[in-house]
Amino acid sequence: MLKINNLHASVEGKSILKGINLEVKAGEVHAIMGPNGSGKSTLASVIAGKEEYEVTEGNILLHEEDIDELAAEERAHKGVFLSFQYPVEIPGVSVTNFIKTAINANRKAKGLEDMPANEMLKLIREKAELLEMDRKFLSRSLNEGFSGGEKKRNEIFQMAMLDPKLAILDETDSGLDIDALRIVANGVNKLKSKDNAVIVITHYQRLLDHIVPDYVHVLYNGRIVKTGDASLAHELEEKGYDWIKEEVNA
Amino acid sequence: MDLKEKLVSSFLAFEDRVDVDTFVHGIRSEAIKTFETEGFPSKKNEAWKYTSLNSILKHDYSVFPKQENQIDYNDVKKYFIHEIDTYNLVFIDGKFASHLSQTTHDGIDVCLMSSALNKPKYRLVIENYFNKVAGKDSVTSLNTAFAQEGAYIHIPKNKLVNKPIQIINFSTGSEAALMQQPRNLIVVDENSHVQIIERHQSLTDNPVLTNSVTEIFGNKRAIVDYYKIQNDNQNASLIDNTFINQKKESHVSVHTFSFGGKLTRNNLNFYQNGERIDSTMNGITIIGDKQHVDHSTLVHHIEPNCESHQDYKGIYGGNSTGVFNGKVVVNKEAQKTNAFQANNNILLDDKATINTKPQLEIFADDVKCSHGCTIGQLDESAMFYLRSRGIPEKEAKALLMYAFANNVLESVKITEIKKRINKLIATKLGVNIGFDL
């Protein structure tokens with residue numbers, strides 16, 4: 001589904017990703033871990049198409065197509081979804097109106113008519129229930145005044161609505177208490193299928209207790225320096241990242 | 001002959017035709033003197049520093065149209081808020097159009113300035129209110145000198161007017177260039193409530209200059225909601241002079257939606273003569289090309305315990321220019337005044353400009369006055385967030401602009417106006433948003 005070859009990327013002339021290789025197949029869950037500043041969020045933004053990031057070498061293939069020239073919205077239309085580490089507050093647009101606009105924009109890109117209002121309403125209710133979201137929540141302005149947990153739940157709600165092929169969860173666990181973590185993880189697990197894939201970016205192993213990865217990659221200094229199975233996450237939790245750094249620098 | 005000379009020389013002929021014995025004759029004569037002395041304001045005048053009238057004064061405007069013109073309702077229906085029942089005062093090239101209007105004298109007066117000025121039964125109201133709050137500056141004086149036609153609305157006490165009143169001024173283009181000077185008087189007595197919608201619409205590309213004066217009197221505990229929809233043609237310009245005198249515990253709000261026209265100057269002035277008064281001025285401006293919109297507001301807090309709220313949002317594209325000049329005066333006696341003013345702007349293009357200038361003159365010591373103005377571009381991180389959800393760039397921009405202007409729409413009390421403004425915004429931004437705000 002996703003194939004990243006020797007990806008180098010920089011922002012404002014500063015090189016951040018220095019040769020990433022990664023292949024994610026349908027049905028898989030990949031975790032990307034690593035210390036602060038290793039390039040995890042940059043990788044997520046580059047895949048999602050943030051314009052400030054410049055790919056200087058290598059490429060990203062989605063369904064075997066190079067997506068370098070595609071705008072963020074075109075990547076979304078092809079099934080890429082990024083759950084933001086810091087979702088943006090947009091006063092004046094309700095959660096419901098926002099998701100309606102997004103759903104219909106994606107349908108339009110596929111040559112479909114707008115989703116009928118009753119169908120939309122039913123879908124919104126169903127997905128809100130999955131994330132244990134209150135009805136009132138949906139009429140609030142997008143992310144405005146939301147708690148950290150509410151913002152992250154809202155991200156996964158959008159993911160549930162948009163039903164992406166490739167979901168990238170950027171530190172979705174940060175700012176979540178244990179109940180919210182369970183709700184969010186449960187939501188992600190329910191959405192998982194053999195046809196889609198998930199990349200979980202996290203510092204900590206606790207989310208990975210709920211969303212069990214097939215592969216764990218350690219990103220350090222812009223490169224994937226180690227890959228293993230779920231047990232690698234436990235090892236990192238126990239021993240921290242220093243031993244990885246030592247291994248790399250040795 | 002330039003426009004000033006033409007107007008001054010037209011005045012004598014004009015006064016000959018109207019009744020020189022009336023109370024207003026003296027007022028008119030004074031007013032033309034003021035205009036003759038001062039002329040049109042230039043950029044040397046501090047209040048007109050950022051708005052030059054030069055480009056619109058150069059046309060050879062016809063001041064009194066030679067013929068009466070008719071319009072078919074179906075051709076102009078779209079300019080009416082026609083989805084709901086309303087009283088209508090419609091003028092075509094400055095002349096009352098009875099076939100498009102719906103007036104009333106049933107408990108309230110929704111009729112014509114020309115009758116109010118001439119019929120004895122209105123004399124008392126005219127003597128008490130006409131030109132009592134209007135300014136003495138040159139453009140207002142010019143209107144006063146030629147005051148003849150417009151809306152006359154008198155709501156006696158304890159009346160809740162059951163439907164909004166629309167005042168629409170059409171110009172047909174039958175003259176190569178037309179100058180109009182509508183004059184409106186609105187008196188709302190104790191404990192009464194009225195909603196008014198005003199619009200100026202040119203039906204061709206011929207130049208039109210409208211110099212409009214509206215006096216509004218909100219007496220004790222009156223509630224007046226006034227909506228100005230400005231979406232005129234590219235060769236139509238408007239100088240709107242609105243003066244509001246409020247008595248104690250009255251609430252008056254004016255919403256100004258400026259989307260069109262070549263040059264629009266809104267002089268909006270509130271005078272608070274009483275305690276516990278609330279004055280609201282809200283505006284949304286969305287313009288592009290070479291359009292120019294100037295909001296010059298004044299709220300004069302004269303007595304204690306009053307509030308004023310100003311919230312103006314502007315989105316400027318192309319080579320357009322905007323001005324916000326918000327003056328708040330708080331007299332020494334006006335303790336416990338709460339005065340809020342906000343002017344937030346988005347510039348979409350490098351060549352668009354906005355001049356924003358809050359002016360606070362506060363002589364009381366126990367007051368809360370706040371003002372803030374911002375000028376910015378659209379938030380890049382918000383754009384990426386929306387686009388990452390599959391919303392294309394253009395729609396994402398529009399959505400953010402809707403969101404930006406939205407809180408001003410929230411205070412609009414007539415649903416049909418809210419829908420109409422919503423549509424106008426969508427058209428203006430060239431998008432179709434899949435929901436109503």
# chains A, B, ... in the order shown; residues from 1 in each chain; ligands from 1
>>> residues_around(residues="B:Leu268", least_positions_apart="6", cutoff="12 Å", atoms="only C-alpha atoms", output="count of residues only")
40
>>> closest_atom_pairs(of="chain B", to="chain A", cutoff="9 Å", atoms="only C-alpha atoms", output="CSV")
residue,atom,partner,partner_atom,distance
B:Ser381,CA,A:Val88,CA,7.1
B:Ala382,CA,A:Val88,CA,5.8
B:Phe384,CA,A:Lys50,CA,6.5
B:Tyr385,CA,A:Val88,CA,6.7
B:Leu386,CA,A:Ala102,CA,7.9
B:Arg387,CA,A:Glu73,CA,4.7
B:Ser388,CA,A:Ala72,CA,5.1
B:Arg389,CA,A:Ala102,CA,5.9
B:Gly390,CA,A:Glu73,CA,4.1
B:Ile391,CA,A:Ala105,CA,5.5
B:Pro392,CA,A:Glu73,CA,5.6
B:Glu393,CA,A:Glu73,CA,7.7
B:Glu395,CA,A:Ala105,CA,8.9
B:Leu399,CA,A:Val93,CA,7.9
B:Leu400,CA,A:Ile90,CA,7.7
B:Tyr402,CA,A:Gly92,CA,7.5
B:Ala403,CA,A:Gly92,CA,4.3
B:Phe404,CA,A:Gly92,CA,6.8
B:Ala405,CA,A:Gly92,CA,8.1
B:Asn406,CA,A:Gly92,CA,5.7
B:Asn407,CA,A:Gly92,CA,6.8
B:Ile433,CA,A:Thr101,CA,7.4
B:Gly434,CA,A:Thr101,CA,6.0
B:Phe435,CA,A:Asn97,CA,6.7
B:Asp436,CA,A:Asn97,CA,8.6
B:Leu437,CA,A:Val93,CA,8.0
>>> write_last_selection(atoms="C-alpha atoms", output="JSON list (two decimals), in the first residue's frame")
[["chain", "number", "residue", "atom", "x", "y", "z"],
["B", 381, "SER", "CA", -1.88, 25.29, 9.81],
["B", 382, "ALA", "CA", -5.66, 25.52, 9.66],
["B", 384, "PHE", "CA", -3.36, 22.12, 6.06],
["B", 385, "TYR", "CA", -5.73, 20.62, 8.61],
["B", 386, "LEU", "CA", -8.75, 21.16, 6.35],
["B", 387, "ARG", "CA", -6.96, 20.02, 3.20],
["B", 388, "SER", "CA", -5.66, 16.89, 4.91],
["B", 389, "ARG", "CA", -9.34, 15.98, 5.35],
["B", 390, "GLY", "CA", -9.86, 16.13, 1.59],
["B", 391, "ILE", "CA", -11.28, 19.66, 1.41],
["B", 392, "PRO", "CA", -9.75, 21.36, -1.67],
["B", 393, "GLU", "CA", -7.75, 24.54, -1.22],
["B", 395, "GLU", "CA", -13.17, 25.44, -0.37],
["B", 399, "LEU", "CA", -14.61, 27.69, 4.97],
["B", 400, "LEU", "CA", -12.05, 29.58, 7.03],
["B", 402, "TYR", "CA", -16.95, 31.81, 6.71],
["B", 403, "ALA", "CA", -15.70, 30.83, 10.12],
["B", 404, "PHE", "CA", -13.97, 34.18, 10.44],
["B", 405, "ALA", "CA", -17.11, 36.16, 9.66],
["B", 406, "ASN", "CA", -19.55, 33.81, 11.34],
["B", 407, "ASN", "CA", -19.94, 35.40, 14.75],
["B", 433, "ILE", "CA", -20.39, 25.43, 0.81],
["B", 434, "GLY", "CA", -22.44, 22.39, 1.67],
["B", 435, "PHE", "CA", -24.16, 23.85, 4.71],
["B", 436, "ASP", "CA", -25.79, 26.93, 6.12],
["B", 437, "LEU", "CA", -24.13, 28.70, 8.97]]
>>> closest_residue(among="B:Phe96, B:Phe146, B:Phe340, B:Tyr312", to="B:Ile32", atoms="only C-alpha atoms")
B:Phe146
>>> residues_around(residues="A:Pro213", least_positions_apart="5", cutoff="7 Å", atoms="only C-alpha atoms", output="ChimeraX atom specification")
/A:29-31,208,230
>>> atom_distance(atom1="atom CA of B:Ala176", atom2="atom CA of B:Asn206")
5.9 Å
>>> residues_around(residues="A:Ile124", least_positions_apart="4", cutoff="8 Å", atoms="only C-alpha atoms", output="list in words")
Thr96, Met120, Ala128 and Met161 of chain A
>>> select_by_dssp(residues="stretch 58-192 of chain A", states="strand (DSSP E or B)", output="list in words")
Gly58, Asn59, Ile60, Leu61, Leu62, Glu65, Asp66, Val80, Phe81, Leu82, Ser83, Ile90, Pro91, Gly92, Val93, Ser94, Ser141, Leu142, Leu166, Ala167, Ile168, Leu169 and Asp170 of chain A
>>> atom_distance(atom1="atom CA of A:Asp209", atom2="atom CA of A:Arg135")
29.3 Å
>>> residues_around(residues="stretch 189-198 of chain A", least_positions_apart="6", cutoff="7 Å", atoms="only C-alpha atoms", output="MDAnalysis selection string")
chainID A and resid 25:30 160 165:168 211
>>> atom_distance(atom1="atom CA of A:Glu69", atom2="atom CA of A:Tyr53")
12.5 Å
>>> residues_around(residues="stretch 55-60 of chain B", least_positions_apart="2", cutoff="9 Å", atoms="only C-alpha atoms", output="VMD selection string")
chain B and resid 1 to 4 40 52 to 53 62 176 to 178 207 to 209 235 to 237 262 to 263
>>> residues_around(residues="stretch 21-23 of chain A", least_positions_apart="2", cutoff="12 Å", atoms="only C-alpha atoms", output="PDB file with C-alpha atoms, in the first residue's frame")
ATOM      1  CA  MET A   1       0.000   0.000   0.000  1.00  0.00           C
ATOM      2  CA  LEU A   2       2.695   2.464   1.089  1.00  0.00           C
ATOM      3  CA  LYS A   3       6.274   2.240   0.023  1.00  0.00           C
ATOM      4  CA  ILE A   4       8.809   4.816   1.125  1.00  0.00           C
ATOM      5  CA  ASN A   5      12.170   4.706  -0.620  1.00  0.00           C
ATOM      6  CA  ASN A   6      15.249   6.510   0.666  1.00  0.00           C
ATOM      7  CA  LEU A   7      13.155   9.510   1.685  1.00  0.00           C
ATOM      8  CA  HIS A   8      15.016  12.709   2.487  1.00  0.00           C
ATOM      9  CA  LEU A  17      14.538  12.963   7.261  1.00  0.00           C
ATOM     10  CA  LYS A  18      17.731  11.367   6.037  1.00  0.00           C
ATOM     11  CA  GLY A  19      16.880   8.235   4.123  1.00  0.00           C
ATOM     12  CA  LYS A  25       0.996  -3.549   3.433  1.00  0.00           C
ATOM     13  CA  ALA A  26      -2.767  -3.699   3.695  1.00  0.00           C
ATOM     14  CA  GLU A  28      -0.775  -4.251   8.857  1.00  0.00           C
ATOM     15  CA  VAL A  29      -0.185  -2.058  11.877  1.00  0.00           C
ATOM     16  CA  HIS A  30       3.190  -0.334  12.104  1.00  0.00           C
ATOM     17  CA  ALA A  31       4.434   1.545  15.120  1.00  0.00           C
ATOM     18  CA  ILE A  32       7.058   4.243  14.762  1.00  0.00           C
ATOM     19  CA  LEU A  43       7.478  11.843   8.481  1.00  0.00           C
ATOM     20  CA  ILE A  47       3.229  11.603   3.898  1.00  0.00           C
ATOM     21  CA  GLU A  57      15.548  12.807  -2.359  1.00  0.00           C
ATOM     22  CA  GLY A  58      13.702   9.505  -2.627  1.00  0.00           C
ATOM     23  CA  ASN A  59       9.983   9.051  -2.994  1.00  0.00           C
ATOM     24  CA  ILE A  60       6.709   7.930  -1.465  1.00  0.00           C
ATOM     25  CA  LEU A  61       4.580   5.466  -3.383  1.00  0.00           C
ATOM     26  CA  LEU A  62       0.941   5.016  -2.505  1.00  0.00           C
ATOM     27  CA  HIS A  63      -0.694   2.103  -4.280  1.00  0.00           C
ATOM     28  CA  GLU A  64       2.464   2.145  -6.420  1.00  0.00           C
ATOM     29  CA  ALA A 197      -3.309  -0.053   7.313  1.00  0.00           C
ATOM     30  CA  VAL A 198      -2.354   1.984  10.357  1.00  0.00           C
ATOM     31  CA  ILE A 199       0.870   3.745  11.293  1.00  0.00           C
ATOM     32  CA  TYR A 215       6.080  -4.100  13.277  1.00  0.00           C
ATOM     33  CA  VAL A 216       7.833  -1.611  15.500  1.00  0.00           C
ATOM     34  CA  HIS A 217      10.341   0.798  13.940  1.00  0.00           C
ATOM     35  CA  VAL A 218      12.702   3.020  15.825  1.00  0.00           C
ATOM     36  CA  LEU A 219      13.340   6.378  14.218  1.00  0.00           C
ATOM     37  CA  GLY A 222      15.981  10.946  10.545  1.00  0.00           C
ATOM     38  CA  ARG A 223      16.529   7.257   9.884  1.00  0.00           C
ATOM     39  CA  ILE A 224      14.861   4.004  10.854  1.00  0.00           C
ATOM     40  CA  VAL A 225      17.596   2.403  12.875  1.00  0.00           C
ATOM     41  CA  LYS A 226      15.856  -0.678  14.189  1.00  0.00           C
ATOM     42  CA  THR A 227      12.814  -2.755  13.298  1.00  0.00           C
TER      43      THR A 227
END
>>> select_by_dssp(residues="stretch 158-404 of chain B", states="alpha helix (DSSP H)", output="count of residues only")
20
